[in-house]
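Text of structure_21.csv (CSV, N, CA and C atoms) as supplied:
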```
chain,number,residue,atom,x,y,z
A,1406,MET,N,13.1,12.3,-49.0
A,1406,MET,CA,12.8,11.5,-47.8
A,1406,MET,C,13.9,10.4,-47.7
A,1407,TYR,N,14.3,10.2,-46.5
A,1407,TYR,CA,15.4,9.2,-46.2
A,1407,TYR,C,14.9,8.2,-45.2
A,1408,LYS,N,14.9,6.9,-45.5
A,1408,LYS,CA,14.4,5.9,-44.5
A,1408,LYS,C,15.6,5.0,-44.1
A,1409,ARG,N,15.6,4.8,-42.8
A,1409,ARG,CA,16.7,3.9,-42.3
A,1409,ARG,C,16.1,3.2,-41.1
A,1410,ASN,N,16.1,1.9,-41.0
A,1410,ASN,CA,15.5,1.1,-39.9
A,1410,ASN,C,14.1,1.6,-39.7
A,1411,ASN,N,13.7,2.0,-38.6
A,1411,ASN,CA,12.3,2.5,-38.3
A,1411,ASN,C,12.3,4.0,-38.3
A,1412,GLU,N,13.3,4.6,-38.8
A,1412,GLU,CA,13.3,6.1,-38.7
A,1412,GLU,C,13.1,6.7,-40.1
A,1413,VAL,N,12.5,7.8,-40.2
A,1413,VAL,CA,12.3,8.5,-41.5
A,1413,VAL,C,12.7,10.0,-41.2
A,1414,MET,N,13.6,10.5,-42.2
A,1414,MET,CA,14.0,11.8,-42.1
A,1414,MET,C,13.5,12.5,-43.4
A,1415,CYS,N,12.9,13.7,-43.2
A,1415,CYS,CA,12.4,14.4,-44.3
A,1415,CYS,C,12.3,15.9,-44.0
A,1416,SER,N,12.2,16.7,-44.9
A,1416,SER,CA,12.0,18.1,-44.7
A,1416,SER,C,10.8,18.7,-45.5
A,1417,PHE,N,10.3,19.8,-45.0
A,1417,PHE,CA,9.1,20.4,-45.6
A,1417,PHE,C,9.4,21.9,-45.9
A,1418,ASN,N,8.8,22.4,-46.9
A,1418,ASN,CA,8.8,23.8,-47.1
A,1418,ASN,C,7.5,24.4,-46.7
A,1419,VAL,N,7.5,25.5,-46.1
A,1419,VAL,CA,6.2,26.2,-45.7
A,1419,VAL,C,5.9,27.2,-46.8
A,1420,SER,N,4.7,27.0,-47.4
A,1420,SER,CA,4.4,28.0,-48.5
A,1420,SER,C,3.7,29.2,-47.8
A,1421,SER,N,4.0,30.4,-48.3
A,1421,SER,CA,3.5,31.6,-47.8
A,1421,SER,C,3.9,31.8,-46.3
A,1422,LEU,N,5.1,31.6,-46.0
A,1422,LEU,CA,5.6,31.5,-44.6
A,1422,LEU,C,5.1,32.7,-43.8
A,1423,PHE,N,5.4,33.9,-44.2
A,1423,PHE,CA,5.1,35.1,-43.3
A,1423,PHE,C,3.7,35.2,-43.1
A,1424,THR,N,2.9,35.0,-44.1
A,1424,THR,CA,1.4,35.2,-44.0
A,1424,THR,C,0.8,34.1,-43.2
A,1425,LYS,N,1.5,33.0,-42.9
A,1425,LYS,CA,0.9,32.0,-42.1
A,1425,LYS,C,1.3,32.0,-40.6
A,1426,ILE,N,2.2,32.9,-40.3
A,1426,ILE,CA,2.7,33.0,-38.9
A,1426,ILE,C,1.6,33.7,-38.1
A,1427,PRO,N,1.0,33.1,-37.1
A,1427,PRO,CA,0.0,33.7,-36.2
A,1427,PRO,C,0.6,34.7,-35.3
A,1428,ILE,N,0.2,36.0,-35.5
A,1428,ILE,CA,0.8,37.1,-34.8
A,1428,ILE,C,0.6,37.0,-33.3
A,1429,ASN,N,-0.7,36.9,-32.9
A,1429,ASN,CA,-1.0,36.9,-31.5
A,1429,ASN,C,-0.3,35.8,-30.7
A,1430,GLU,N,-0.2,34.6,-31.3
A,1430,GLU,CA,0.4,33.4,-30.7
A,1430,GLU,C,1.9,33.7,-30.6
A,1431,THR,N,2.5,34.3,-31.6
A,1431,THR,CA,3.9,34.5,-31.6
A,1431,THR,C,4.3,35.6,-30.6
A,1432,ILE,N,3.4,36.6,-30.5
A,1432,ILE,CA,3.6,37.7,-29.4
A,1432,ILE,C,3.6,37.0,-28.1
A,1433,GLU,N,2.7,36.1,-27.8
A,1433,GLU,CA,2.6,35.5,-26.5
A,1433,GLU,C,3.9,34.6,-26.2
A,1434,ILE,N,4.4,34.0,-27.3
A,1434,ILE,CA,5.6,33.2,-27.1
A,1434,ILE,C,6.7,34.1,-26.7
A,1435,CYS,N,6.8,35.3,-27.4
A,1435,CYS,CA,7.9,36.3,-27.1
A,1435,CYS,C,7.8,36.7,-25.7
A,1436,ARG,N,6.6,37.1,-25.3
A,1436,ARG,CA,6.4,37.6,-23.9
A,1436,ARG,C,6.7,36.5,-22.9
A,1437,ASN,N,6.2,35.3,-23.1
A,1437,ASN,CA,6.5,34.3,-22.1
A,1437,ASN,C,8.0,34.0,-22.0
A,1438,LYS,N,8.7,33.9,-23.1
A,1438,LYS,CA,10.1,33.7,-23.1
A,1438,LYS,C,10.9,34.8,-22.5
A,1439,LEU,N,10.6,36.0,-22.8
A,1439,LEU,CA,11.3,37.2,-22.3
A,1439,LEU,C,11.1,37.4,-20.8
A,1440,TYR,N,9.9,37.3,-20.4
A,1440,TYR,CA,9.6,37.5,-18.9
A,1440,TYR,C,10.0,36.3,-18.1
A,1441,ALA,N,10.4,35.2,-18.7
A,1441,ALA,CA,10.9,34.1,-17.9
A,1441,ALA,C,12.4,34.1,-17.7
A,1442,LEU,N,13.1,35.1,-18.4
A,1442,LEU,CA,14.5,35.3,-18.2
A,1442,LEU,C,14.9,35.7,-16.8
A,1443,PRO,N,16.1,35.4,-16.4
A,1443,PRO,CA,16.5,35.8,-15.1
A,1443,PRO,C,16.5,37.4,-14.9
A,1444,ASP,N,16.7,38.1,-16.0
A,1444,ASP,CA,16.7,39.5,-16.0
A,1444,ASP,C,15.7,40.0,-17.0
A,1445,PRO,N,14.3,39.9,-16.7
A,1445,PRO,CA,13.3,40.2,-17.6
A,1445,PRO,C,13.2,41.7,-18.0
A,1446,PRO,N,12.6,42.1,-19.1
A,1446,PRO,CA,12.4,43.5,-19.4
A,1446,PRO,C,11.7,44.2,-18.3
A,1447,THR,N,12.0,45.5,-18.1
A,1447,THR,CA,11.4,46.3,-17.1
A,1447,THR,C,10.0,46.9,-17.5
A,1448,MET,N,9.8,46.9,-18.8
A,1448,MET,CA,8.5,47.5,-19.2
A,1448,MET,C,7.4,46.4,-18.9
A,1449,PRO,N,6.2,46.9,-18.6
A,1449,PRO,CA,5.1,46.0,-18.4
A,1449,PRO,C,4.8,45.1,-19.6
A,1450,ARG,N,4.3,43.9,-19.3
A,1450,ARG,CA,4.0,43.0,-20.4
A,1450,ARG,C,3.0,43.6,-21.4
A,1451,TYR,N,2.0,44.3,-21.0
A,1451,TYR,CA,1.0,44.9,-21.9
A,1451,TYR,C,1.6,45.9,-22.8
A,1452,VAL,N,2.6,46.6,-22.4
A,1452,VAL,CA,3.3,47.6,-23.2
A,1452,VAL,C,4.1,46.9,-24.4
A,1453,LEU,N,4.8,45.8,-24.0
A,1453,LEU,CA,5.5,45.0,-25.0
A,1453,LEU,C,4.5,44.5,-26.0
A,1454,LYS,N,3.4,44.0,-25.5
A,1454,LYS,CA,2.4,43.4,-26.4
A,1454,LYS,C,1.9,44.5,-27.4
A,1455,GLY,N,1.6,45.6,-26.9
A,1455,GLY,CA,1.1,46.7,-27.8
A,1455,GLY,C,2.1,47.1,-28.8
A,1456,LEU,N,3.4,47.2,-28.4
A,1456,LEU,CA,4.4,47.6,-29.4
A,1456,LEU,C,4.6,46.5,-30.4
A,1457,LEU,N,4.6,45.2,-30.1
A,1457,LEU,CA,4.8,44.2,-31.0
A,1457,LEU,C,3.6,44.1,-32.0
A,1458,GLU,N,2.4,44.3,-31.4
A,1458,GLU,CA,1.2,44.4,-32.3
A,1458,GLU,C,1.3,45.5,-33.3
A,1459,PHE,N,1.6,46.7,-32.8
A,1459,PHE,CA,1.7,47.8,-33.7
A,1459,PHE,C,2.8,47.6,-34.8
A,1460,ALA,N,3.9,47.0,-34.4
A,1460,ALA,CA,5.0,46.8,-35.4
A,1460,ALA,C,4.7,45.7,-36.4
A,1461,THR,N,3.8,44.8,-36.1
A,1461,THR,CA,3.6,43.6,-37.0
A,1461,THR,C,2.3,43.6,-37.7
A,1462,LYS,N,1.3,44.3,-37.2
A,1462,LYS,CA,0.0,44.3,-37.9
A,1462,LYS,C,0.0,45.4,-38.9
A,1463,SER,N,-0.2,45.1,-40.1
A,1463,SER,CA,-0.2,46.1,-41.2
A,1463,SER,C,-1.4,47.0,-41.2
A,1464,HIS,N,-1.2,48.2,-41.5
A,1464,HIS,CA,-2.2,49.2,-41.7
A,1464,HIS,C,-2.1,49.7,-43.1
A,1465,PHE,N,-3.2,49.7,-43.9
A,1465,PHE,CA,-3.0,50.1,-45.3
A,1465,PHE,C,-4.4,50.7,-45.7
A,1466,LEU,N,-4.3,51.5,-46.8
A,1466,LEU,CA,-5.4,52.1,-47.4
A,1466,LEU,C,-5.8,51.3,-48.6
A,1467,PHE,N,-7.1,51.0,-48.7
A,1467,PHE,CA,-7.7,50.2,-49.8
A,1467,PHE,C,-9.0,50.8,-50.2
A,1468,ASP,N,-9.1,51.3,-51.4
A,1468,ASP,CA,-10.4,51.8,-51.9
A,1468,ASP,C,-10.9,52.9,-51.0
A,1469,GLU,N,-10.0,53.8,-50.5
A,1469,GLU,CA,-10.3,54.9,-49.6
A,1469,GLU,C,-10.8,54.5,-48.2
A,1470,ASP,N,-10.5,53.2,-47.8
A,1470,ASP,CA,-10.8,52.8,-46.5
A,1470,ASP,C,-9.5,52.3,-45.8
A,1471,TYR,N,-9.3,52.6,-44.5
A,1471,TYR,CA,-8.2,52.2,-43.8
A,1471,TYR,C,-8.5,50.8,-43.3
A,1472,CYS,N,-7.5,49.9,-43.6
A,1472,CYS,CA,-7.7,48.5,-43.2
A,1472,CYS,C,-6.5,48.0,-42.4
A,1473,ASN,N,-6.7,46.9,-41.6
A,1473,ASN,CA,-5.7,46.3,-40.8
A,1473,ASN,C,-5.6,44.9,-41.2
A,1474,GLN,N,-4.4,44.4,-41.4
A,1474,GLN,CA,-4.1,43.0,-41.6
A,1474,GLN,C,-4.1,42.4,-40.2
A,1475,ILE,N,-5.0,41.5,-39.8
A,1475,ILE,CA,-5.1,41.1,-38.4
A,1475,ILE,C,-4.3,39.8,-38.1
A,1476,ASP,N,-3.9,39.1,-39.1
A,1476,ASP,CA,-3.1,37.9,-38.8
A,1476,ASP,C,-2.1,37.7,-39.9
A,1477,GLY,N,-1.0,37.0,-39.6
A,1477,GLY,CA,0.0,36.8,-40.6
A,1477,GLY,C,0.9,38.0,-40.7
A,1478,VAL,N,2.2,37.8,-40.8
A,1478,VAL,CA,3.1,39.0,-40.9
A,1478,VAL,C,3.2,39.4,-42.3
A,1479,ALA,N,3.1,40.7,-42.5
A,1479,ALA,CA,3.2,41.3,-43.8
A,1479,ALA,C,4.6,41.0,-44.4
A,1480,MET,N,4.6,40.8,-45.7
A,1480,MET,CA,5.9,40.5,-46.4
A,1480,MET,C,6.9,41.6,-46.2
A,1481,SER,N,6.5,42.8,-46.1
A,1481,SER,CA,7.4,43.9,-46.0
A,1481,SER,C,7.8,44.2,-44.6
A,1482,SER,N,7.3,43.5,-43.6
A,1482,SER,CA,7.6,43.8,-42.2
A,1482,SER,C,9.0,43.4,-41.9
A,1483,PRO,N,9.8,44.3,-41.3
A,1483,PRO,CA,11.1,43.9,-40.8
A,1483,PRO,C,11.1,42.8,-39.8
A,1484,LEU,N,10.0,42.6,-39.1
A,1484,LEU,CA,9.9,41.6,-38.1
A,1484,LEU,C,9.4,40.2,-38.6
A,1485,GLY,N,9.2,40.1,-39.9
A,1485,GLY,CA,8.7,38.9,-40.5
A,1485,GLY,C,9.7,37.7,-40.3
A,1486,HIS,N,11.0,38.0,-40.5
A,1486,HIS,CA,12.0,36.9,-40.3
A,1486,HIS,C,12.1,36.6,-38.8
A,1487,VAL,N,12.0,37.6,-38.0
A,1487,VAL,CA,12.2,37.4,-36.5
A,1487,VAL,C,11.0,36.5,-36.0
A,1488,PHE,N,9.8,36.9,-36.4
A,1488,PHE,CA,8.6,36.1,-36.0
A,1488,PHE,C,8.6,34.7,-36.5
A,1489,ALA,N,9.1,34.5,-37.7
A,1489,ALA,CA,9.2,33.1,-38.3
A,1489,ALA,C,10.2,32.3,-37.5
A,1490,ASN,N,11.3,33.0,-37.1
A,1490,ASN,CA,12.4,32.3,-36.4
A,1490,ASN,C,12.0,32.1,-34.9
A,1491,ILE,N,11.0,32.7,-34.5
A,1491,ILE,CA,10.5,32.5,-33.1
A,1491,ILE,C,9.4,31.4,-33.1
A,1492,PHE,N,8.4,31.5,-34.0
A,1492,PHE,CA,7.3,30.6,-34.1
A,1492,PHE,C,7.6,29.2,-34.5
A,1493,LEU,N,8.4,29.0,-35.6
A,1493,LEU,CA,8.6,27.7,-36.1
A,1493,LEU,C,9.5,26.8,-35.1
A,1494,PRO,N,10.5,27.3,-34.5
A,1494,PRO,CA,11.3,26.5,-33.5
A,1494,PRO,C,10.4,26.2,-32.3
A,1495,PHE,N,9.5,27.1,-31.9
A,1495,PHE,CA,8.6,26.9,-30.8
A,1495,PHE,C,7.7,25.7,-31.1
A,1496,GLN,N,7.1,25.7,-32.3
A,1496,GLN,CA,6.3,24.6,-32.8
A,1496,GLN,C,7.0,23.3,-32.8
A,1497,ARG,N,8.3,23.3,-33.3
A,1497,ARG,CA,9.1,22.1,-33.3
A,1497,ARG,C,9.3,21.6,-31.9
A,1498,GLU,N,9.6,22.5,-31.0
A,1498,GLU,CA,9.8,22.1,-29.6
A,1498,GLU,C,8.6,21.5,-29.0
A,1499,VAL,N,7.4,22.1,-29.2
A,1499,VAL,CA,6.2,21.5,-28.7
A,1499,VAL,C,5.9,20.1,-29.4
A,1500,SER,N,6.3,20.0,-30.6
A,1500,SER,CA,6.1,18.7,-31.3
A,1500,SER,C,7.0,17.6,-30.7
A,1501,PHE,N,8.2,18.0,-30.5
A,1501,PHE,CA,9.2,17.0,-29.9
A,1501,PHE,C,8.7,16.5,-28.5
A,1502,GLN,N,8.1,17.4,-27.7
A,1502,GLN,CA,7.6,17.0,-26.4
A,1502,GLN,C,6.4,16.1,-26.5
A,1503,SER,N,5.5,16.3,-27.5
A,1503,SER,CA,4.3,15.6,-27.5
A,1503,SER,C,4.4,14.3,-28.3
A,1504,HIS,N,5.4,14.2,-29.2
A,1504,HIS,CA,5.5,13.0,-30.0
A,1504,HIS,C,6.8,12.1,-29.8
A,1505,HIS,N,7.7,12.6,-28.9
A,1505,HIS,CA,8.9,11.9,-28.5
A,1505,HIS,C,9.7,11.4,-29.7
A,1506,SER,N,9.7,12.2,-30.8
A,1506,SER,CA,10.4,11.8,-32.0
A,1506,SER,C,11.3,13.0,-32.4
A,1507,PRO,N,12.6,12.8,-32.6
A,1507,PRO,CA,13.5,13.9,-33.0
A,1507,PRO,C,13.2,14.4,-34.4
A,1508,PHE,N,12.5,13.7,-35.2
A,1508,PHE,CA,12.3,14.1,-36.6
A,1508,PHE,C,10.8,14.5,-36.9
A,1509,TYR,N,10.0,14.7,-36.0
A,1509,TYR,CA,8.6,15.1,-36.2
A,1509,TYR,C,8.6,16.6,-36.6
A,1510,LEU,N,8.1,16.9,-37.7
A,1510,LEU,CA,8.0,18.3,-38.1
A,1510,LEU,C,6.6,18.8,-38.3
A,1511,VAL,N,6.3,20.0,-38.0
A,1511,VAL,CA,5.0,20.6,-38.1
A,1511,VAL,C,4.8,21.2,-39.5
A,1512,SER,N,3.7,21.0,-40.1
A,1512,SER,CA,3.4,21.7,-41.4
A,1512,SER,C,2.4,22.7,-41.1
A,1513,ILE,N,2.6,23.9,-41.6
A,1513,ILE,CA,1.7,25.0,-41.5
A,1513,ILE,C,0.9,25.2,-42.8
A,1514,ARG,N,-0.4,25.2,-42.7
A,1514,ARG,CA,-1.2,25.3,-43.9
A,1514,ARG,C,-2.1,26.5,-43.7
```
What do you get writing this file as structure tokens?
Amino acid sequence: MYKRNNEVMCSFNVSSLFTKIPINETIEICRNKLYALPDPPTMPRYVLKGLLEFATKSHFLFDEDYCNQIDGVAMSSPLGHVFANIFLPFQREVSFQSHHSPFYLVSIR
């Protein structure tokens, strides 16, 4: 942590980053950002949502039962980095708007 005048600068590590990323919220962030572009995708919003859900929600076999991981991105998911790089900057942006501080950071627990 670094202090100067009335300002404090510090950084945080997020433990278990991928498993803490909320999938549904991140999918909504993606859809809102993509469809707000001047040239939005031509596929319907619900199709993109379904594809992102299928690609990020893990399906696995445990004790002869099929299970679904319903939140958090699986460690093996190729979209894990992408979702983390979408969700965390969005949270930072929201924090900047609500706290009027350039160094306010969000901690995910």
Open item on the list: What does the structure give for the distance between CA of Phe1467 in chain A and CA of Tyr1451 in chain A, in Å to one decimal?
Closed with: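 One can read the CA of Phe1467 in chain A to CA of Tyr1451 in chain A distance as 29.7 Å.
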Task: Residue neighbourhood Ile1426 in chain A, 6 Å, all atoms listed in the file, exclusion window fewer than 5 positions, as a PyMOL selection string - done: chain A and resi 1476-1478
Task: Separation of atom C of Lys1454 in chain A from atom C of Asp1470 in chain A, in Å and rounded to one decimal - done: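 Between atom C of Lys1454 in chain A and atom C of Asp1470 in chain A the gap works out to 23.0 Å.
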- [ ] Calculate how many Å separate atom C of Leu1456 in chain A from atom C of Gln1496 in chain A, rounding to one decimal.
- [x]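 Computing it gives 23.4 Å between the two atoms.
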Selection near Thr1431 in chain A, 6 Å with only C-alpha atoms, sequence-local residues under 3 positions removed, as an mmCIF file with N, CA and C atoms, in the frame of the given file:
```cif
data_model
loop_
_atom_site.group_PDB
_atom_site.id
_atom_site.type_symbol
_atom_site.label_atom_id
_atom_site.label_comp_id
_atom_site.auth_asym_id
_atom_site.auth_seq_id
_atom_site.Cartn_x
_atom_site.Cartn_y
_atom_site.Cartn_z
ATOM 1 N N ILE A 1428 0.200 36.000 -35.500
ATOM 2 C CA ILE A 1428 0.800 37.100 -34.800
ATOM 3 C C ILE A 1428 0.600 37.000 -33.300
ATOM 4 N N ILE A 1434 4.400 34.000 -27.300
ATOM 5 C CA ILE A 1434 5.600 33.200 -27.100
ATOM 6 C C ILE A 1434 6.700 34.100 -26.700
ATOM 7 N N PHE A 1492 8.400 31.500 -34.000
ATOM 8 C CA PHE A 1492 7.300 30.600 -34.100
ATOM 9 C C PHE A 1492 7.600 29.200 -34.500
#
```
Open item on the list: Please return, as a ChimeraX atom specification, all residues of range 1433-1493 of chain A that DSSP assigns to helix (DSSP H, G or I) on the basis of the backbone.
Closed with: /A:1433-1440,1450-1461,1485-1493
Using N, CA and C atoms, can you write the selected residues to a file as a PDB file, keeping the file's coordinate frame?
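Printed below is result.pdb as written:
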```
ATOM      1  N   GLU A1433       2.700  36.100 -27.800  1.00  0.00           N
ATOM      2  CA  GLU A1433       2.600  35.500 -26.500  1.00  0.00           C
ATOM      3  C   GLU A1433       3.900  34.600 -26.200  1.00  0.00           C
ATOM      4  N   ILE A1434       4.400  34.000 -27.300  1.00  0.00           N
ATOM      5  CA  ILE A1434       5.600  33.200 -27.100  1.00  0.00           C
ATOM      6  C   ILE A1434       6.700  34.100 -26.700  1.00  0.00           C
ATOM      7  N   CYS A1435       6.800  35.300 -27.400  1.00  0.00           N
ATOM      8  CA  CYS A1435       7.900  36.300 -27.100  1.00  0.00           C
ATOM      9  C   CYS A1435       7.800  36.700 -25.700  1.00  0.00           C
ATOM     10  N   ARG A1436       6.600  37.100 -25.300  1.00  0.00           N
ATOM     11  CA  ARG A1436       6.400  37.600 -23.900  1.00  0.00           C
ATOM     12  C   ARG A1436       6.700  36.500 -22.900  1.00  0.00           C
ATOM     13  N   ASN A1437       6.200  35.300 -23.100  1.00  0.00           N
ATOM     14  CA  ASN A1437       6.500  34.300 -22.100  1.00  0.00           C
ATOM     15  C   ASN A1437       8.000  34.000 -22.000  1.00  0.00           C
ATOM     16  N   LYS A1438       8.700  33.900 -23.100  1.00  0.00           N
ATOM     17  CA  LYS A1438      10.100  33.700 -23.100  1.00  0.00           C
ATOM     18  C   LYS A1438      10.900  34.800 -22.500  1.00  0.00           C
ATOM     19  N   LEU A1439      10.600  36.000 -22.800  1.00  0.00           N
ATOM     20  CA  LEU A1439      11.300  37.200 -22.300  1.00  0.00           C
ATOM     21  C   LEU A1439      11.100  37.400 -20.800  1.00  0.00           C
ATOM     22  N   TYR A1440       9.900  37.300 -20.400  1.00  0.00           N
ATOM     23  CA  TYR A1440       9.600  37.500 -18.900  1.00  0.00           C
ATOM     24  C   TYR A1440      10.000  36.300 -18.100  1.00  0.00           C
ATOM     25  N   ARG A1450       4.300  43.900 -19.300  1.00  0.00           N
ATOM     26  CA  ARG A1450       4.000  43.000 -20.400  1.00  0.00           C
ATOM     27  C   ARG A1450       3.000  43.600 -21.400  1.00  0.00           C
ATOM     28  N   TYR A1451       2.000  44.300 -21.000  1.00  0.00           N
ATOM     29  CA  TYR A1451       1.000  44.900 -21.900  1.00  0.00           C
ATOM     30  C   TYR A1451       1.600  45.900 -22.800  1.00  0.00           C
ATOM     31  N   VAL A1452       2.600  46.600 -22.400  1.00  0.00           N
ATOM     32  CA  VAL A1452       3.300  47.600 -23.200  1.00  0.00           C
ATOM     33  C   VAL A1452       4.100  46.900 -24.400  1.00  0.00           C
ATOM     34  N   LEU A1453       4.800  45.800 -24.000  1.00  0.00           N
ATOM     35  CA  LEU A1453       5.500  45.000 -25.000  1.00  0.00           C
ATOM     36  C   LEU A1453       4.500  44.500 -26.000  1.00  0.00           C
ATOM     37  N   LYS A1454       3.400  44.000 -25.500  1.00  0.00           N
ATOM     38  CA  LYS A1454       2.400  43.400 -26.400  1.00  0.00           C
ATOM     39  C   LYS A1454       1.900  44.500 -27.400  1.00  0.00           C
ATOM     40  N   GLY A1455       1.600  45.600 -26.900  1.00  0.00           N
ATOM     41  CA  GLY A1455       1.100  46.700 -27.800  1.00  0.00           C
ATOM     42  C   GLY A1455       2.100  47.100 -28.800  1.00  0.00           C
ATOM     43  N   LEU A1456       3.400  47.200 -28.400  1.00  0.00           N
ATOM     44  CA  LEU A1456       4.400  47.600 -29.400  1.00  0.00           C
ATOM     45  C   LEU A1456       4.600  46.500 -30.400  1.00  0.00           C
ATOM     46  N   LEU A1457       4.600  45.200 -30.100  1.00  0.00           N
ATOM     47  CA  LEU A1457       4.800  44.200 -31.000  1.00  0.00           C
ATOM     48  C   LEU A1457       3.600  44.100 -32.000  1.00  0.00           C
ATOM     49  N   GLU A1458       2.400  44.300 -31.400  1.00  0.00           N
ATOM     50  CA  GLU A1458       1.200  44.400 -32.300  1.00  0.00           C
ATOM     51  C   GLU A1458       1.300  45.500 -33.300  1.00  0.00           C
ATOM     52  N   PHE A1459       1.600  46.700 -32.800  1.00  0.00           N
ATOM     53  CA  PHE A1459       1.700  47.800 -33.700  1.00  0.00           C
ATOM     54  C   PHE A1459       2.800  47.600 -34.800  1.00  0.00           C
ATOM     55  N   ALA A1460       3.900  47.000 -34.400  1.00  0.00           N
ATOM     56  CA  ALA A1460       5.000  46.800 -35.400  1.00  0.00           C
ATOM     57  C   ALA A1460       4.700  45.700 -36.400  1.00  0.00           C
ATOM     58  N   THR A1461       3.800  44.800 -36.100  1.00  0.00           N
ATOM     59  CA  THR A1461       3.600  43.600 -37.000  1.00  0.00           C
ATOM     60  C   THR A1461       2.300  43.600 -37.700  1.00  0.00           C
ATOM     61  N   GLY A1485       9.200  40.100 -39.900  1.00  0.00           N
ATOM     62  CA  GLY A1485       8.700  38.900 -40.500  1.00  0.00           C
ATOM     63  C   GLY A1485       9.700  37.700 -40.300  1.00  0.00           C
ATOM     64  N   HIS A1486      11.000  38.000 -40.500  1.00  0.00           N
ATOM     65  CA  HIS A1486      12.000  36.900 -40.300  1.00  0.00           C
ATOM     66  C   HIS A1486      12.100  36.600 -38.800  1.00  0.00           C
ATOM     67  N   VAL A1487      12.000  37.600 -38.000  1.00  0.00           N
ATOM     68  CA  VAL A1487      12.200  37.400 -36.500  1.00  0.00           C
ATOM     69  C   VAL A1487      11.000  36.500 -36.000  1.00  0.00           C
ATOM     70  N   PHE A1488       9.800  36.900 -36.400  1.00  0.00           N
ATOM     71  CA  PHE A1488       8.600  36.100 -36.000  1.00  0.00           C
ATOM     72  C   PHE A1488       8.600  34.700 -36.500  1.00  0.00           C
ATOM     73  N   ALA A1489       9.100  34.500 -37.700  1.00  0.00           N
ATOM     74  CA  ALA A1489       9.200  33.100 -38.300  1.00  0.00           C
ATOM     75  C   ALA A1489      10.200  32.300 -37.500  1.00  0.00           C
ATOM     76  N   ASN A1490      11.300  33.000 -37.100  1.00  0.00           N
ATOM     77  CA  ASN A1490      12.400  32.300 -36.400  1.00  0.00           C
ATOM     78  C   ASN A1490      12.000  32.100 -34.900  1.00  0.00           C
ATOM     79  N   ILE A1491      11.000  32.700 -34.500  1.00  0.00           N
ATOM     80  CA  ILE A1491      10.500  32.500 -33.100  1.00  0.00           C
ATOM     81  C   ILE A1491       9.400  31.400 -33.100  1.00  0.00           C
ATOM     82  N   PHE A1492       8.400  31.500 -34.000  1.00  0.00           N
ATOM     83  CA  PHE A1492       7.300  30.600 -34.100  1.00  0.00           C
ATOM     84  C   PHE A1492       7.600  29.200 -34.500  1.00  0.00           C
ATOM     85  N   LEU A1493       8.400  29.000 -35.600  1.00  0.00           N
ATOM     86  CA  LEU A1493       8.600  27.700 -36.100  1.00  0.00           C
ATOM     87  C   LEU A1493       9.500  26.800 -35.100  1.00  0.00           C
TER      88      LEU A1493
END
```
